[in-house]
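Heads up, data31.txt below (compact mmCIF, C-alpha atoms):
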```txt
# COMPACT_ATOMS: atom_id res chain seq x y z
CA MET R 206 -3.11 -12.02 -14.29
CA LEU R 207 -3.10 -11.97 -10.50
CA ASP R 208 -5.24 -14.57 -8.73
CA VAL R 209 -6.57 -12.36 -5.94
CA LEU R 210 -7.97 -14.38 -3.03
CA PHE R 211 -8.88 -11.54 -0.66
CA GLU R 212 -8.80 -7.76 -0.73
CA ASP R 213 -10.02 -4.89 1.40
CA ASN R 214 -8.76 -1.37 2.14
CA HIS R 215 -5.82 -2.64 4.17
CA ILE R 216 -4.58 -5.98 2.82
CA ILE R 217 -4.52 -8.06 -0.34
CA ALA R 218 -3.82 -11.80 -0.61
CA VAL R 219 -2.75 -13.42 -3.88
CA ASN R 220 -2.45 -17.07 -4.92
CA LYS R 221 1.17 -17.35 -6.09
CA LYS R 222 2.00 -19.62 -9.00
CA PRO R 223 5.12 -21.79 -8.84
CA SER R 224 8.15 -19.99 -10.31
CA GLU R 225 6.86 -16.51 -9.36
CA LEU R 226 9.05 -14.36 -7.14
CA VAL R 227 7.48 -12.65 -4.15
CA GLN R 228 10.17 -9.98 -3.87
CA GLY R 229 12.90 -8.87 -6.29
CA ASP R 230 16.23 -10.70 -6.35
CA LYS R 231 19.43 -10.87 -8.41
CA THR R 232 17.62 -12.56 -11.34
CA GLY R 233 15.95 -9.28 -12.24
CA ASP R 234 12.63 -11.08 -12.88
CA GLU R 235 9.53 -9.09 -12.01
CA PRO R 236 8.38 -9.92 -8.47
CA MET R 237 4.77 -10.29 -7.34
CA SER R 238 5.15 -7.13 -5.26
CA ASP R 239 5.51 -5.12 -8.49
CA ALA R 240 2.62 -6.98 -10.13
CA VAL R 241 0.41 -6.19 -7.12
CA LYS R 242 1.39 -2.50 -7.31
CA ARG R 243 0.48 -2.42 -10.99
CA TYR R 244 -2.83 -4.20 -10.32
CA LEU R 245 -3.79 -1.69 -7.60
CA LYS R 246 -2.68 1.29 -9.68
CA GLU R 247 -4.81 0.17 -12.64
CA LYS R 248 -7.82 -1.02 -10.65
CA TYR R 249 -8.16 2.19 -8.63
CA ASN R 250 -6.63 4.56 -11.19
CA LYS R 251 -4.13 5.73 -8.59
CA PRO R 252 -1.70 8.53 -9.49
CA GLY R 253 1.91 8.32 -8.36
CA GLU R 254 3.50 5.55 -6.32
CA VAL R 255 1.31 2.77 -4.89
CA PHE R 256 2.17 1.38 -1.44
CA THR R 257 2.59 -2.39 -1.34
CA GLY R 258 4.21 -3.85 1.76
CA VAL R 259 5.76 -7.33 1.58
CA VAL R 260 4.70 -9.10 4.76
CA HIS R 261 6.24 -12.53 4.17
CA ARG R 262 7.74 -14.64 1.40
CA ILE R 263 7.50 -18.22 0.19
CA ASP R 264 10.15 -19.97 -1.89
CA ARG R 265 10.10 -19.43 -5.64
CA PRO R 266 9.13 -23.03 -6.60
CA VAL R 267 6.33 -23.07 -4.00
CA SER R 268 2.73 -22.03 -4.73
CA GLY R 269 -0.01 -20.61 -2.55
CA VAL R 270 -1.30 -17.69 -0.56
CA VAL R 271 0.91 -14.62 -0.11
CA LEU R 272 -0.19 -11.61 1.92
CA PHE R 273 0.62 -7.97 1.12
CA ALA R 274 -0.19 -4.79 3.06
CA LYS R 275 -1.86 -1.89 1.26
CA THR R 276 -1.08 0.64 4.01
CA SER R 277 1.91 1.28 6.25
CA LYS R 278 -0.29 0.82 9.33
CA ALA R 279 -1.38 -2.62 8.15
CA LEU R 280 2.23 -3.55 7.34
CA THR R 281 3.46 -2.61 10.81
CA ARG R 282 0.69 -4.57 12.52
CA LEU R 283 1.03 -7.63 10.25
CA ASN R 284 4.80 -7.66 10.84
CA GLU R 285 4.08 -7.72 14.56
CA LEU R 286 1.63 -10.64 14.13
CA PHE R 287 4.33 -12.59 12.31
CA ARG R 288 6.93 -11.68 14.94
CA THR R 289 4.70 -12.91 17.77
CA LYS R 290 3.63 -15.99 15.75
CA ASP R 291 -0.03 -14.97 15.87
CA ILE R 292 -0.49 -15.93 12.21
CA GLN R 293 -1.26 -19.59 11.50
CA LYS R 294 -0.02 -20.95 8.18
CA THR R 295 -1.07 -24.32 6.76
CA TYR R 296 0.77 -26.01 3.89
CA TRP R 297 0.06 -29.00 1.68
CA ALA R 298 2.99 -31.17 0.59
CA VAL R 299 2.97 -34.09 -1.84
CA VAL R 300 5.63 -36.66 -0.90
CA LYS R 301 6.63 -39.98 -2.43
CA ASN R 302 7.18 -42.05 0.71
CA LYS R 303 4.75 -42.93 3.48
CA PRO R 304 5.71 -41.37 6.82
CA LYS R 305 6.25 -43.85 9.64
CA LEU R 306 3.45 -42.14 11.54
CA ASP R 307 0.29 -40.74 9.96
CA GLU R 308 0.48 -37.75 12.29
CA ALA R 309 3.40 -36.35 14.30
CA THR R 310 5.41 -33.34 15.40
CA LEU R 311 8.97 -33.02 14.10
CA VAL R 312 11.72 -31.22 16.00
CA ASN R 313 15.10 -30.76 14.30
CA TYR R 314 18.02 -28.37 14.41
CA LEU R 315 18.74 -26.62 11.12
CA VAL R 316 22.03 -25.21 9.87
CA LYS R 317 21.89 -22.97 6.81
CA ASP R 318 24.59 -23.08 4.13
CA GLU R 319 24.53 -19.56 2.69
CA GLN R 320 26.68 -20.43 -0.33
CA LYS R 321 24.47 -23.31 -1.43
CA ASN R 322 21.20 -21.67 -0.25
CA LYS R 323 20.37 -24.91 1.49
CA SER R 324 19.70 -26.07 5.04
CA ARG R 325 20.68 -29.30 6.75
CA ALA R 326 18.63 -30.92 9.53
CA TYR R 327 20.07 -32.61 12.60
CA ASN R 328 18.37 -34.52 15.40
CA GLU R 329 20.57 -33.04 18.10
CA GLU R 330 21.49 -29.48 19.03
CA ARG R 331 24.75 -28.18 17.58
CA LYS R 332 26.62 -24.91 17.23
CA GLY R 333 24.88 -22.48 14.89
CA ALA R 334 21.75 -24.62 14.53
CA LEU R 335 18.24 -23.24 14.98
CA ARG R 336 15.51 -25.29 16.63
CA SER R 337 12.79 -26.04 14.06
CA GLU R 338 9.39 -27.53 14.75
CA LEU R 339 6.40 -28.48 12.62
CA SER R 340 3.46 -30.84 12.83
CA TYR R 341 2.04 -32.87 9.95
CA LYS R 342 -0.67 -35.40 9.19
CA VAL R 343 -1.42 -37.55 6.17
CA ILE R 344 -4.71 -36.35 4.67
CA ALA R 345 -4.82 -38.24 1.33
CA LYS R 346 -3.08 -40.98 -0.65
CA THR R 347 -2.91 -41.64 -4.39
CA ASP R 348 -1.33 -44.65 -6.10
CA ASN R 349 2.14 -43.11 -5.89
CA TYR R 350 2.06 -40.19 -3.47
CA TYR R 351 0.93 -39.02 -0.05
CA LEU R 352 -0.57 -35.63 0.69
CA LEU R 353 0.51 -34.13 4.00
CA GLU R 354 -1.04 -31.18 5.79
CA VAL R 355 1.80 -29.31 7.48
CA LEU R 356 1.67 -26.66 10.21
CA PRO R 357 5.02 -24.94 10.73
CA ILE R 358 5.49 -23.88 14.34
CA THR R 359 8.78 -22.07 13.73
CA GLY R 360 9.75 -20.25 10.55
CA ARG R 361 13.20 -21.37 9.37
CA HIS R 362 14.96 -21.35 6.00
CA HIS R 363 13.45 -24.13 3.80
CA GLN R 364 12.08 -25.64 7.00
CA ILE R 365 9.26 -27.80 5.61
CA ARG R 366 11.37 -28.99 2.69
CA VAL R 367 14.35 -30.05 4.78
CA GLN R 368 12.42 -31.51 7.73
CA LEU R 369 10.18 -33.68 5.55
CA SER R 370 13.22 -34.84 3.57
CA HIS R 371 15.08 -35.60 6.81
CA MET R 372 12.29 -37.95 7.90
CA GLY R 373 12.52 -39.78 4.54
CA CYS R 374 9.67 -38.02 2.71
CA PRO R 375 11.12 -35.60 0.13
CA ILE R 376 8.61 -33.35 -1.62
CA LYS R 377 7.79 -34.19 -5.22
CA GLY R 378 10.08 -32.27 -7.58
CA ASP R 379 12.40 -31.01 -4.82
CA VAL R 380 15.76 -32.38 -6.04
CA LYS R 381 17.60 -29.98 -3.69
CA TYR R 382 16.21 -32.02 -0.80
CA GLY R 383 16.31 -35.56 -2.10
CA PHE R 384 13.56 -36.10 -4.67
CA ASP R 385 14.90 -38.06 -7.64
CA ARG R 386 13.70 -35.82 -10.50
CA THR R 387 12.52 -32.30 -11.15
CA ASN R 388 9.02 -31.24 -12.14
CA LYS R 389 8.82 -30.06 -15.75
CA ASP R 390 7.95 -26.50 -14.71
CA ALA R 391 10.69 -26.40 -12.02
CA SER R 392 8.02 -26.25 -9.29
CA ILE R 393 7.91 -28.41 -6.20
CA HIS R 394 4.70 -29.88 -4.80
CA LEU R 395 4.54 -27.63 -1.75
CA HIS R 396 1.57 -25.27 -1.48
CA ALA R 397 0.77 -22.55 1.05
CA ARG R 398 -2.83 -23.68 1.48
CA LYS R 399 -4.22 -21.43 4.20
CA ILE R 400 -3.41 -18.42 6.36
CA GLU R 401 -5.38 -17.37 9.45
CA PHE R 402 -4.99 -14.24 11.56
CA ILE R 403 -6.81 -11.40 13.28
CA HIS R 404 -7.27 -8.51 10.86
CA PRO R 405 -4.68 -5.82 11.68
CA VAL R 406 -7.22 -2.97 11.55
CA LYS R 407 -10.72 -4.46 11.83
CA ASP R 408 -9.77 -6.80 14.69
CA GLU R 409 -11.80 -9.71 13.27
CA PRO R 410 -10.72 -13.22 12.24
CA VAL R 411 -9.57 -13.73 8.66
CA CYS R 412 -9.09 -17.12 6.98
CA ILE R 413 -7.77 -17.19 3.41
CA ILE R 414 -7.58 -20.47 1.45
CA ALA R 415 -5.68 -20.91 -1.81
CA PRO R 416 -6.69 -23.60 -4.33
CA PRO R 417 -3.69 -25.72 -5.37
CA PRO R 418 -2.26 -25.40 -8.90
CA ASP R 419 -4.29 -26.71 -11.84
CA GLU R 420 -2.04 -29.74 -12.30
CA VAL R 421 -2.67 -33.50 -12.49
CA ILE R 422 -1.10 -34.61 -9.19
CA TRP R 423 -2.48 -31.67 -7.24
CA LYS R 424 -5.98 -32.25 -8.62
CA ALA R 425 -5.83 -35.97 -7.81
CA CYS R 426 -4.73 -35.30 -4.23
CA ALA R 427 -7.20 -32.46 -3.62
CA ALA R 428 -10.09 -34.59 -4.87
CA LEU R 429 -9.38 -37.13 -2.11
CA VAL R 430 -9.32 -34.68 0.79
CA VAL R 431 -12.33 -35.07 3.05
CA LYS R 432 -14.19 -31.76 3.00
```
Write-out of the structure in structure tokens:
Amino acid sequence: MLDVLFEDNHIIAVNKKPSELVQGDKTGDEPMSDAVKRYLKEKYNKPGEVFTGVVHRIDRPVSGVVLFAKTSKALTRLNELFRTKDIQKTYWAVVKNKPKLDEATLVNYLVKDEQKNKSRAYNEERKGALRSELSYKVIAKTDNYYLLEVLPITGRHHQIRVQLSHMGCPIKGDVKYGFDRTNKDASIHLHARKIEFIHPVKDEPVCIIAPPPDEVIWKACAALVVK
């Protein structure tokens, strides 16, 4: 069952569960793009092929809001919004260590290892590295974890995961980037919480918020966030 957060004639936003693929890969597992096509075909009794444009992706172990285009016009305009960075994405991350500062902007230089599907962060510029910037603030604390609100300013490979790990705050469950054990469901505690943009056709502001997964740590953290 798709958890549809927003839908109109042009776009549809879905709350992705951890472990779901956004777009097909070598595993052969069904991606969300196919599930959205099937949902639209059944809901509207559409004959033939249903258009579903993948606008952006989030990593497989990450949860949260994912946006799809229902028309080619919407896809073209949303792609342009992403290219010009006129879409604001907000993430929540549960980390095990307290950041040195409760609020800061991180700038690192990331080098991607294609073979290992992993990025490494450096403090200084180097050959082949891409400048990566995000801001974060601590918005809640439980007995064992800290909840960070993260705003990526650039969009690099595994950016939030590697930059938070580089500052000494690996995300819960993310053994690839320094956490000491996996989550039972192979998820990591990183959630695409919110996406904001100007509607590609209606030219009005849109703000879509995704509830975090129905899981003990997420529920404990979310309950502490000041509304």
So that each row is one residue of region 380-426 of chain R with an atom at most 10 Å from region 358-368 of chain R, can you give its shortest atom pair and the distance in Å to one decimal, using only C-alpha atoms, rows by chain and rising number, as JSON lines?
```
{"residue": "R:Lys381", "atom": "CA", "partner": "R:Arg366", "partner_atom": "CA", "distance": 9.0}
{"residue": "R:Tyr382", "atom": "CA", "partner": "R:Val367", "partner_atom": "CA", "distance": 6.2}
{"residue": "R:Gly383", "atom": "CA", "partner": "R:Val367", "partner_atom": "CA", "distance": 9.0}
{"residue": "R:Ile393", "atom": "CA", "partner": "R:Arg366", "partner_atom": "CA", "distance": 9.6}
{"residue": "R:Leu395", "atom": "CA", "partner": "R:Arg366", "partner_atom": "CA", "distance": 8.3}
```
Practice problem: May I ask which of the residues R:Val267, R:Val209, R:Ala218, R:Val299 is the closest one to Ser392 (chain R), counting all atoms listed in the file? | Solution: R:Val267
Self-check item: Using all atoms listed in the file: which of R:Ile414, R:Val343, R:Ala428, R:Val300 has the shortest distance to Gly373 (chain R)
Solution: R:Val300
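Using only C-alpha atoms, the protein and nucleic acid residues lying at most 6 Å from the point (0.0, -16.9, -2.3) are R:Val219, R:Asn220, R:Lys221, R:Gly269, R:Val270, R:Val271.
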Quiz item: Which residues, protein or nucleic acid, reach to within 6 Å of (-2.5, -22.1, 10.1) in the file's coordinates when using only C-alpha atoms, and can you give that as a PyMOL selection string?
Solution: chain R and resi 293-295+400-401
Save out the residues we just selected, C-alpha atoms, as an mmCIF file, in the frame of the given file.
```
data_model
loop_
_atom_site.group_PDB
_atom_site.id
_atom_site.type_symbol
_atom_site.label_atom_id
_atom_site.label_comp_id
_atom_site.auth_asym_id
_atom_site.auth_seq_id
_atom_site.Cartn_x
_atom_site.Cartn_y
_atom_site.Cartn_z
ATOM 1 C CA GLN R 293 -1.260 -19.590 11.500
ATOM 2 C CA LYS R 294 -0.020 -20.950 8.180
ATOM 3 C CA THR R 295 -1.070 -24.320 6.760
ATOM 4 C CA ILE R 400 -3.410 -18.420 6.360
ATOM 5 C CA GLU R 401 -5.380 -17.370 9.450
#
```
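What separates CA of Thr310 (chain R) from CA of Glu338 (chain R) is a distance of 7.1 Å.
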Quiz item: Which residues, written as number ranges by chain, have at least one atom at most 6 Å from Leu353 (chain R), with all atoms listed in the file counted and residues fewer than 3 positions away on the same chain left out?
Solution: R: 297-298, 342-344
Quiz item: Which residues, written as a list in words, have at least one atom at most 6 Å from region 314-326 of chain R, with all atoms listed in the file counted and residues fewer than 2 positions away on the same chain left out?
Solution: Glu330, Ala334, Leu335, Arg336 and Ser337 of chain R
Quiz item: Quick one: residues within 10 Å of Lys301 (chain R), only C-alpha atoms counted, chain neighbours fewer than 5 positions away excluded, as a VMD selection string?
Solution: chain R and resid 346 to 352 373 to 378 384 to 385
Within 10 Å of region 273-281 of chain R, which residues of region 312-412 of chain R come that close, and what is the closest atom pair and distance in Å for each? Count only C-alpha atoms and give it as JSON lines.
```
{"residue": "R:His404", "atom": "CA", "partner": "R:Ala279", "partner_atom": "CA", "distance": 8.8}
{"residue": "R:Pro405", "atom": "CA", "partner": "R:Ala279", "partner_atom": "CA", "distance": 5.8}
{"residue": "R:Val406", "atom": "CA", "partner": "R:Ala279", "partner_atom": "CA", "distance": 6.8}
```
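CA of Ile263 (chain R) to CA of Val227 (chain R) spans 7.1 Å [interatomic distance, one decimal].
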Quiz item: With all atoms listed in the file as the atoms that count, which of R:Leu311, R:Met237, R:Val355, R:Met206 lies nearest to His371 (chain R)?
Solution: R:Leu311
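Atom pair CA of Ile217 (chain R) / CA of His261 (chain R) has a distance of 12.5 Å (rounded to one decimal).
The residue that comes closest to Cys412 (chain R), out of R:Lys290, R:Leu272, R:Glu354, R:Thr232 and on the basis of only C-alpha atoms, is R:Leu272.
Those residues that approach Val430 (chain R) to within 8 Å, counting all atoms listed in the file, are Ile344, Ala345, Cys426 and Ala427 of chain R; same-chain residues fewer than 3 positions away are not listed.
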I need region 235-283 of chain R from the structure I supplied, saved as a PDB file, in the first residue's frame with C-alpha atoms retained.
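Saved as out_33.pdb:
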```
ATOM      1  CA  GLU R 235      10.038  -3.609  -7.725  1.00  0.00           C
ATOM      2  CA  PRO R 236      10.713   0.132  -7.439  1.00  0.00           C
ATOM      3  CA  MET R 237       8.284   2.728  -6.104  1.00  0.00           C
ATOM      4  CA  SER R 238       7.997   4.196  -9.599  1.00  0.00           C
ATOM      5  CA  ASP R 239       6.277   0.979 -10.734  1.00  0.00           C
ATOM      6  CA  ALA R 240       4.081   0.889  -7.624  1.00  0.00           C
ATOM      7  CA  VAL R 241       2.990   4.484  -8.291  1.00  0.00           C
ATOM      8  CA  LYS R 242       2.161   3.604 -11.916  1.00  0.00           C
ATOM      9  CA  ARG R 243       0.051   0.682 -10.751  1.00  0.00           C
ATOM     10  CA  TYR R 244      -1.697   2.846  -8.135  1.00  0.00           C
ATOM     11  CA  LEU R 245      -2.585   5.507 -10.728  1.00  0.00           C
ATOM     12  CA  LYS R 246      -3.693   2.933 -13.289  1.00  0.00           C
ATOM     13  CA  GLU R 247      -6.037   1.265 -10.782  1.00  0.00           C
ATOM     14  CA  LYS R 248      -7.314   4.449  -9.132  1.00  0.00           C
ATOM     15  CA  TYR R 249      -8.241   6.154 -12.398  1.00  0.00           C
ATOM     16  CA  ASN R 250      -8.911   3.011 -14.445  1.00  0.00           C
ATOM     17  CA  LYS R 251      -6.401   4.189 -17.035  1.00  0.00           C
ATOM     18  CA  PRO R 252      -5.907   2.117 -20.199  1.00  0.00           C
ATOM     19  CA  GLY R 253      -2.416   1.591 -21.581  1.00  0.00           C
ATOM     20  CA  GLU R 254       0.819   2.958 -20.167  1.00  0.00           C
ATOM     21  CA  VAL R 255       0.707   5.405 -17.239  1.00  0.00           C
ATOM     22  CA  PHE R 256       3.251   8.246 -17.152  1.00  0.00           C
ATOM     23  CA  THR R 257       5.252   8.449 -13.932  1.00  0.00           C
ATOM     24  CA  GLY R 258       8.337  10.653 -13.961  1.00  0.00           C
ATOM     25  CA  VAL R 259      11.044  10.098 -11.344  1.00  0.00           C
ATOM     26  CA  VAL R 260      12.071  13.556 -10.158  1.00  0.00           C
ATOM     27  CA  HIS R 261      14.602  12.627  -7.474  1.00  0.00           C
ATOM     28  CA  ARG R 262      15.753   9.652  -5.425  1.00  0.00           C
ATOM     29  CA  ILE R 263      16.650   8.946  -1.811  1.00  0.00           C
ATOM     30  CA  ASP R 264      18.847   6.073  -0.660  1.00  0.00           C
ATOM     31  CA  ARG R 265      17.226   2.677  -0.201  1.00  0.00           C
ATOM     32  CA  PRO R 266      17.626   2.510   3.626  1.00  0.00           C
ATOM     33  CA  VAL R 267      16.256   6.062   4.012  1.00  0.00           C
ATOM     34  CA  SER R 268      12.562   6.871   4.543  1.00  0.00           C
ATOM     35  CA  GLY R 269      10.460   9.894   3.703  1.00  0.00           C
ATOM     36  CA  VAL R 270       8.860  12.019   1.044  1.00  0.00           C
ATOM     37  CA  VAL R 271       9.537  11.234  -2.622  1.00  0.00           C
ATOM     38  CA  LEU R 272       8.063  13.296  -5.441  1.00  0.00           C
ATOM     39  CA  PHE R 273       6.889  11.946  -8.814  1.00  0.00           C
ATOM     40  CA  ALA R 274       5.553  13.787 -11.865  1.00  0.00           C
ATOM     41  CA  LYS R 275       2.279  12.663 -13.439  1.00  0.00           C
ATOM     42  CA  THR R 276       2.832  14.603 -16.674  1.00  0.00           C
ATOM     43  CA  SER R 277       5.844  15.282 -18.883  1.00  0.00           C
ATOM     44  CA  LYS R 278       5.319  19.035 -18.445  1.00  0.00           C
ATOM     45  CA  ALA R 279       5.463  18.715 -14.665  1.00  0.00           C
ATOM     46  CA  LEU R 280       8.564  16.503 -14.914  1.00  0.00           C
ATOM     47  CA  THR R 281      10.427  19.023 -17.063  1.00  0.00           C
ATOM     48  CA  ARG R 282       9.587  21.904 -14.729  1.00  0.00           C
ATOM     49  CA  LEU R 283      10.363  19.951 -11.540  1.00  0.00           C
TER      50      LEU R 283
END
```
